[in-house]
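One structure is given here, and the rest of the page talks about it.
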Amino acid sequence: MDFSFTEEQTLLKDSFQRFLQDAYGFEDYRKIIETEQGYSADTWAQMGDLQWQGLPFSDADGGLGYGHIELLLLAEEMGRGLCVEPYMANVVLAGQTIAKLASAEQKSALLPGLMDGSRQISLAHAELGGRYQALWCETSASEQGDSWTLKGHKSMVLNAPNADQFLVVARISGATDEATGLGVFLIDKDASGVSLKANKVLGGGVAGELSLNNVAAQRLGGEAGEVIEDVLDLATAYSCADAYGAMQALLAKTAEYSKTRKQFGMPLGAFQVLQHRMVDMFIEVQQSQSMILMVMLRLSDSDRAARQKAVAACKAYMHKASKYVAQQAVQLHGGIGVTEELDIGHYFRRLTAFGSLFGDRTHQLRRLAALDKAQRQAQGKLANAA
Amino acid sequence: MNLEFSAEEKAFQQEVREWLRANKPDFPPSLTHSREQTLAWEQTLASKGWLATGWPKQYGGTGWTATQRYIWDTECALANVPGVNPFGVSMCGPVIMAFGNDEQKAEHLPHIVNATRLWCQGYSEPGSGSDLASLKTRAERDGDDYIVNGQKIWTTSAHIADWIFCLVRTDASGRKQEGISFLLIDMKTPGIEVREIRSIDGAHHLNEVFFKDVRVPAKNLVGEEGKGWTIAKFLLGHERTTIAGVPLCQAQIEELKVLRDADPNLRNDPKVDEDIAALEVDLLALEYTNLRALERAESGKPPGPESSGLKIKGTELQQALAEYKVEMGAYASLPWQAEAIGEAAYAQATAAYNIGRASTIYGGTNEIQKNVLAKFALGL
Ligand SMILES: Cc1cc2nc3c(=O)[nH]c(=O)nc-3n(C[C@H](O)[C@H](O)[C@H](O)COP(=O)(O)OP(=O)(O)OC[C@H]3O[C@@H](n4cnc5c(N)ncnc54)[C@H](O)[C@@H]3O)c2cc1C
């Protein structure tokens, strides 16, 4: 058994951490989240210069060819550093959809700009009516000759106000919740029939409500359901790693605060009830680290269901653990914990948003149970249960 | 045992319900209200004579029984009307009634009961939160005045208040609980500066209040000099029958059910039914504990052990309800300081959950509450 990272991975992680520490102080962050675009164009361009956006793309696609382990290490540092650059929206959600689905020609048109930070693309997948079901889709795509027309409404399109283009998941055939009959379509933000309502998002960043009224679109590749599910799983794993980074920061900051803040003539850390609380936080951070390592290992499993189960389990666990750590960090800070003046409240918001993104604990537990039952069925263990 | 409302109480309930329906303010309820909104609503209540629901008639209060107050609070929560700023009516007023002199009563009580002055509470300081008795803001006697120097923090509504009641140190020589005095200060006095602290929900509730050589007439001292701690303790025990926030929780449960019933994804999900039922069971236990406290208060008995956990359980339940609403909203809970997407009720859900974390911190943190209970309820 070996849970250690390679030297290269450790160096990469350190470089992420150092860059974010230098480029992204808490005061910078506070200014950035007040801006309309919700990120720092300078930092985004610098990340492009450092080729961060190219990190998870293959050599053939023009990327750095790293795997999901390096991607999750980056996410962890983003969370620790309260980074609100639109990395997940562009690189993970849109970028991985393109990498897995698009033709060589489409890739060469889209990926170079995405990787140097000059082009932004958002994936429009969620619809409120489907709650967290990845493939629930009312937005429709119809074919006329060799062009496609889209109609429908997409919600919480991450980073949409900054996007030059959108990738829209739309239904070509089948019922609203069917796993097949889905395509991914590329549209320009200014195309006729597109309207966007911008929102700020809890915990930083922006999103939009996207209305599509007979919008001309170009299709990317073929049947898209499995790719969408896989990309959302990768994004879920990414957001778990981000949350793990934020949880570590909260624990460290809370423990530190409890050593310096005095009440009743002694540091808060001297009160046993608070010691136990912080130990519980510490244990949850440890457990979460284990879950992140589990996901890192299992995401390369050749069995798709095993990968899905790993992600669902990780998110289910970490939603609960992150809530505990965030709530206790606020509680142990007292009044200062519920302000915008200290980073604690901002981590709290980030972790609250994490819980709801791509499916909460309940959703993931149900997925896990369904995957498990399907497996038992296949193994013949459910034969007599009907 | 009998828990039925009497015929008069039922009639009262009906009267209250109809009045609230007819007089509900036209601005939408939110987590913060401006000074104008606060005064407008409180003056509406005052002109009906229903602002000071815990006060005796003698001072312009309603003279209601604890049961009538309970009915009132419940109806207000169900009607979703704004809460009343507690600092004047529920805190400073009762203190002046119990400890103030005739001049102070004549000067302040009418303004509170008519909602012509807003109050705020200046207890906490940067170095003195849970350990309130260590407070350092000094008040030094100078002829007919006190000269106040120091800083208060977390002062809710200081930016919209006319007056502040403060705990100040008039003597630093003895035990820290001694030498504390209770002082009323006009916010317009020269030397007072108020600075905003933005909260985790992005709103402005909280402030820092700085005092630099603030000259306060000595006649604004309530009770004896050096006996402010006794007054502070009196206030802590004062709201034992309303502290749990049962009516608010009931209104929130009802809202969750309405939201569930309107959304097919939630309506057809047995887990949602179970989750809401579980919250409701906790609320029922809290409600009956609260009723026990109410019954004792009604019959003039001192608080019993049942009232001890009310704040702890009440705040925990409020937080659980806020948390569950965020989860019910799914993606609709994620927009921040933005218009609603989907169901409008979720637009404020996350902000409410965020600021709701404060309820286990203010008014004595839940850890401090438990320390007190360990000592006084269990003798540990
Ligand atoms: C929204 C909000 C509104 C407020 N409004 C007002 C107001 O209007 N006027 C006013 O005067 N104050 C107000 N307060 C202040 C409030 O009363 C204090 O925040 C509270 O007393 C806690 O003090 P603190 O923030 O300094 O935290 P601290 O006392 O530093 O406590 C930090 C943590 O340590 C824990 N702790 C401290 N001592 C012990 C111990 N002995 N054993 C175990 N745990 C301990 C606490 O429980 C807490 O979790 C408000 C606070 C908030 C959040």
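Each chain of the structure tokens is named A, B, ... in the order shown, its residues numbered from 1; ligands are numbered from 1 in display order.
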
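Excluding segment 137-147 of chain B and any residue on its chain fewer than 5 positions from it, the residues at most 6 Å away by only C-alpha atoms are Val168, Arg169, Thr170, Asp213, Val214, Arg215, Val216, Pro217 and Ala218 of chain B.
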
- Task: Taking only C-alpha atoms into account, report as a PyMOL selection string which residues of chain A lie within 8 Å of chain B.
- Result: chain A and resi 128-132+155-156+199-202+207+209+262-264+327+330-331+334-335+338-341+345-346+349+353+356-357+359-360

- Task: Pick out each residue of segment 99-135 of chain B that DSSP on the backbone tags as alpha helix (DSSP H); I need them as a ChimeraX atom specification.
- Result: /B:99,102-113

Keeping only all heavy atoms, write the selected residues as a compact mmCIF listing (two decimals), in the first residue's frame.
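Output file again.txt follows:
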```txt
# COMPACT_ATOMS: atom_id res chain seq x y z
N PHE B 99 -36.00 49.13 38.12
CA PHE B 99 -34.88 49.77 38.83
C PHE B 99 -34.84 51.29 38.69
O PHE B 99 -34.10 51.95 39.39
CB PHE B 99 -33.53 49.21 38.33
CG PHE B 99 -33.36 47.74 38.53
CD1 PHE B 99 -33.73 46.82 37.54
CD2 PHE B 99 -32.82 47.26 39.72
CE1 PHE B 99 -33.56 45.46 37.72
CE2 PHE B 99 -32.65 45.89 39.91
CZ PHE B 99 -33.03 44.98 38.91
N ASP B 102 -38.64 57.72 39.32
CA ASP B 102 -39.84 58.26 38.68
C ASP B 102 -39.50 59.16 37.49
O ASP B 102 -40.18 59.13 36.46
CB ASP B 102 -40.67 59.05 39.70
CG ASP B 102 -41.34 58.11 40.69
OD1 ASP B 102 -41.43 56.89 40.37
OD2 ASP B 102 -41.76 58.56 41.77
N GLU B 103 -38.46 59.92 37.66
CA GLU B 103 -38.06 60.82 36.57
C GLU B 103 -37.69 60.02 35.30
O GLU B 103 -38.08 60.35 34.19
CB GLU B 103 -36.87 61.66 37.04
CG GLU B 103 -36.59 62.87 36.16
CD GLU B 103 -35.26 63.53 36.55
OE1 GLU B 103 -34.83 63.36 37.72
OE2 GLU B 103 -34.65 64.16 35.69
N GLN B 104 -36.92 58.94 35.52
CA GLN B 104 -36.51 58.09 34.38
C GLN B 104 -37.72 57.42 33.74
O GLN B 104 -37.82 57.31 32.52
CB GLN B 104 -35.49 57.05 34.85
CG GLN B 104 -34.13 57.67 35.16
CD GLN B 104 -33.22 56.75 35.96
OE1 GLN B 104 -33.69 55.77 36.57
NE2 GLN B 104 -31.94 57.06 35.97
N LYS B 105 -38.64 56.98 34.57
CA LYS B 105 -39.85 56.35 34.03
C LYS B 105 -40.61 57.35 33.16
O LYS B 105 -41.05 57.04 32.06
CB LYS B 105 -40.75 55.85 35.15
CG LYS B 105 -40.18 54.63 35.86
CD LYS B 105 -41.09 54.20 37.01
CE LYS B 105 -40.41 53.10 37.81
NZ LYS B 105 -41.11 52.80 39.06
N ALA B 106 -40.75 58.58 33.68
CA ALA B 106 -41.51 59.59 32.95
C ALA B 106 -40.80 59.98 31.65
O ALA B 106 -41.43 60.24 30.63
CB ALA B 106 -41.72 60.81 33.82
N GLU B 107 -39.48 60.00 31.72
CA GLU B 107 -38.72 60.41 30.54
C GLU B 107 -38.73 59.34 29.44
O GLU B 107 -38.86 59.65 28.26
CB GLU B 107 -37.27 60.72 30.95
CG GLU B 107 -36.26 60.85 29.82
CD GLU B 107 -36.49 62.08 28.94
OE1 GLU B 107 -37.05 63.07 29.45
OE2 GLU B 107 -36.15 62.02 27.74
N HIS B 108 -38.58 58.08 29.83
CA HIS B 108 -38.31 57.06 28.80
C HIS B 108 -39.49 56.15 28.45
O HIS B 108 -39.64 55.76 27.30
CB HIS B 108 -37.11 56.21 29.23
CG HIS B 108 -35.84 56.98 29.25
ND1 HIS B 108 -35.24 57.46 28.11
CD2 HIS B 108 -35.06 57.41 30.28
CE1 HIS B 108 -34.14 58.13 28.43
NE2 HIS B 108 -34.01 58.12 29.75
N LEU B 109 -40.27 55.76 29.44
CA LEU B 109 -41.28 54.74 29.14
C LEU B 109 -42.28 55.19 28.07
O LEU B 109 -42.60 54.40 27.17
CB LEU B 109 -41.98 54.28 30.42
CG LEU B 109 -41.07 53.58 31.44
CD1 LEU B 109 -41.87 53.12 32.66
CD2 LEU B 109 -40.33 52.40 30.81
N PRO B 110 -42.76 56.42 28.11
CA PRO B 110 -43.69 56.82 27.04
C PRO B 110 -43.07 56.73 25.64
O PRO B 110 -43.74 56.31 24.69
CB PRO B 110 -44.02 58.28 27.39
CG PRO B 110 -43.77 58.39 28.87
CD PRO B 110 -42.61 57.48 29.14
N HIS B 111 -41.79 57.11 25.52
CA HIS B 111 -41.15 57.03 24.19
C HIS B 111 -41.01 55.58 23.73
O HIS B 111 -41.03 55.30 22.53
CB HIS B 111 -39.76 57.67 24.24
CG HIS B 111 -39.80 59.16 24.20
ND1 HIS B 111 -40.29 59.86 23.11
CD2 HIS B 111 -39.45 60.09 25.11
CE1 HIS B 111 -40.21 61.16 23.35
NE2 HIS B 111 -39.71 61.34 24.57
N ILE B 112 -40.84 54.68 24.67
CA ILE B 112 -40.72 53.27 24.27
C ILE B 112 -42.08 52.72 23.88
O ILE B 112 -42.25 52.12 22.82
CB ILE B 112 -40.10 52.42 25.41
CG1 ILE B 112 -38.67 52.88 25.69
CG2 ILE B 112 -40.11 50.94 25.03
CD1 ILE B 112 -37.99 52.16 26.85
N VAL B 113 -43.05 53.02 24.70
CA VAL B 113 -44.37 52.42 24.47
C VAL B 113 -45.06 53.05 23.25
O VAL B 113 -45.93 52.43 22.63
CB VAL B 113 -45.23 52.53 25.76
CG1 VAL B 113 -45.97 53.83 25.85
CG2 VAL B 113 -46.17 51.34 25.88
```

- Item | Surrounding residues of Thr241 of chain B excluding itself and chain neighbours under 6 positions, 9 Å, only C-alpha atoms, as JSON, numbers by chain | {"B": [66, 70, 290, 291, 293, 294, 297, 307, 310]}

Export, as a PDB file, in the first residue's frame, the selected residues with N, CA and C atoms.
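Just written: again.pdb:
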```pdb
ATOM      1  N   ALA B  66     -49.738  35.780  30.337  1.00  0.00           N
ATOM      2  CA  ALA B  66     -48.726  35.064  29.557  1.00  0.00           C
ATOM      3  C   ALA B  66     -49.375  34.309  28.401  1.00  0.00           C
ATOM      4  N   TYR B  70     -48.670  34.668  24.450  1.00  0.00           N
ATOM      5  CA  TYR B  70     -48.329  33.496  23.650  1.00  0.00           C
ATOM      6  C   TYR B  70     -49.187  33.460  22.377  1.00  0.00           C
ATOM      7  N   ASN B 290     -42.125  24.782  26.691  1.00  0.00           N
ATOM      8  CA  ASN B 290     -42.407  26.210  26.774  1.00  0.00           C
ATOM      9  C   ASN B 290     -43.736  26.467  27.495  1.00  0.00           C
ATOM     10  N   LEU B 291     -44.716  25.636  27.220  1.00  0.00           N
ATOM     11  CA  LEU B 291     -46.014  25.789  27.892  1.00  0.00           C
ATOM     12  C   LEU B 291     -45.883  25.567  29.390  1.00  0.00           C
ATOM     13  N   ALA B 293     -43.287  26.293  31.132  1.00  0.00           N
ATOM     14  CA  ALA B 293     -42.697  27.527  31.666  1.00  0.00           C
ATOM     15  C   ALA B 293     -43.759  28.616  31.758  1.00  0.00           C
ATOM     16  N   LEU B 294     -44.617  28.637  30.738  1.00  0.00           N
ATOM     17  CA  LEU B 294     -45.691  29.625  30.668  1.00  0.00           C
ATOM     18  C   LEU B 294     -46.655  29.454  31.837  1.00  0.00           C
ATOM     19  N   ALA B 297     -45.159  30.739  34.975  1.00  0.00           N
ATOM     20  CA  ALA B 297     -45.130  32.206  34.978  1.00  0.00           C
ATOM     21  C   ALA B 297     -46.523  32.747  35.258  1.00  0.00           C
ATOM     22  N   SER B 307     -37.436  25.578  32.120  1.00  0.00           N
ATOM     23  CA  SER B 307     -37.107  26.738  31.298  1.00  0.00           C
ATOM     24  C   SER B 307     -35.616  26.796  30.943  1.00  0.00           C
ATOM     25  N   LEU B 310     -34.618  25.983  27.229  1.00  0.00           N
ATOM     26  CA  LEU B 310     -35.436  26.583  26.167  1.00  0.00           C
ATOM     27  C   LEU B 310     -34.608  27.323  25.126  1.00  0.00           C
TER      28      LEU B 310
END
```

- Shell of 9 Å around segment 181-193 of chain A, only C-alpha atoms, local chain residues under 5 positions omitted, as a ChimeraX atom specification: /A:97,101,135,137,140-141,148,150-151,160,163-175,211-225,228

- Query: Which residue gives the smallest distance to ligand 1 among B:Glu193, B:Glu208, B:Asp162, B:Glu75, with only C-alpha atoms and all ligand atoms counted?
  - Reply: B:Glu208

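Between atom CA of Asp171 of chain B and atom 14 (N, counted along the ligand's line) of ligand 1 lies a distance of 23.7 Å.
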
- Neighbours of Glu284 of chain A within 12 Å (only C-alpha atoms; same-chain residues fewer than 6 positions away dropped), as a ChimeraX atom specification? /A:244,247-248,250-251,277-278,290-291,317-326,328

DSSP on the backbone: what in segment 118-366 of chain A comes out strand (DSSP E or B), as a compact mmCIF listing (two decimals) with C-alpha atoms, in the first residue's frame?
```
# COMPACT_ATOMS: atom_id res chain seq x y z
CA ILE A 121 -17.12 28.53 -21.97
CA SER A 122 -19.88 27.48 -19.56
CA LEU A 123 -21.71 24.19 -19.42
CA ALA A 124 -25.49 24.59 -19.15
CA SER A 140 -35.03 20.32 -26.57
CA ALA A 141 -32.86 20.13 -29.66
CA SER A 142 -34.38 19.59 -33.08
CA GLU A 143 -32.58 18.98 -36.32
CA GLN A 144 -33.30 20.83 -39.53
CA SER A 147 -28.30 22.48 -38.25
CA TRP A 148 -29.85 22.25 -34.80
CA THR A 149 -32.29 24.47 -32.95
CA LEU A 150 -32.50 24.69 -29.14
CA LYS A 151 -35.43 25.61 -26.96
CA GLY A 152 -35.66 25.64 -23.19
CA HIS A 153 -34.34 27.02 -19.93
CA LYS A 154 -31.16 26.21 -17.99
CA SER A 155 -30.46 27.17 -14.40
CA MET A 156 -27.35 27.89 -12.32
CA VAL A 157 -25.09 27.99 -15.36
CA LEU A 158 -21.84 28.57 -13.55
CA GLN A 165 -19.95 30.46 -25.52
CA PHE A 166 -22.23 27.92 -23.90
CA LEU A 167 -22.37 24.17 -24.08
CA VAL A 168 -26.00 23.23 -23.67
CA VAL A 169 -27.26 19.80 -22.73
CA ALA A 170 -30.47 19.24 -24.70
CA ARG A 171 -32.86 16.44 -25.40
CA LEU A 182 -29.21 13.66 -25.13
CA GLY A 183 -26.78 15.86 -27.01
CA VAL A 184 -24.39 18.68 -26.15
CA PHE A 185 -24.65 21.79 -28.29
CA LEU A 186 -22.42 24.79 -28.73
CA ILE A 187 -23.90 28.26 -28.98
CA ASP A 188 -22.50 31.79 -28.94
CA VAL A 194 -30.30 33.62 -26.21
CA SER A 195 -31.11 35.56 -23.10
CA LEU A 196 -29.18 35.47 -19.88
CA LYS A 197 -30.02 36.70 -16.40
CA ALA A 198 -26.90 37.05 -14.29
CA ASN A 199 -26.71 36.07 -10.61
CA LYS A 200 -24.07 36.15 -7.96
CA VAL A 201 -23.47 32.77 -6.36
CA VAL A 206 -21.37 34.25 -10.75
CA ALA A 207 -23.92 32.21 -12.64
CA GLY A 208 -26.84 32.75 -14.92
CA GLU A 209 -30.30 31.68 -15.90
CA LEU A 210 -30.19 30.88 -19.59
CA SER A 211 -33.26 31.06 -21.79
CA LEU A 212 -33.10 29.60 -25.25
CA ASN A 213 -35.72 30.52 -27.78
CA ASN A 214 -35.03 28.79 -31.09
CA VAL A 215 -31.29 29.18 -30.92
CA ALA A 216 -29.18 27.85 -33.79
CA ALA A 217 -26.56 25.45 -32.46
CA GLN A 218 -23.72 23.16 -33.42
CA ARG A 219 -23.67 19.67 -31.98
CA LEU A 220 -20.61 18.26 -30.23
CA LYS A 262 -8.95 34.96 25.95
CA GLN A 263 -12.13 35.00 28.04
CA MET A 266 -7.69 32.05 29.81
CA PRO A 267 -7.44 31.14 26.16
CA THR A 339 -19.21 38.79 9.94
```

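Note that the spacing between atom CA of Tyr346 of chain B and atom CA of Leu20 of chain B amounts to 24.8 Å.
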
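Here atom CA of Leu382 of chain A is placed at a distance of 25.8 Å from atom CA of Cys314 of chain A.
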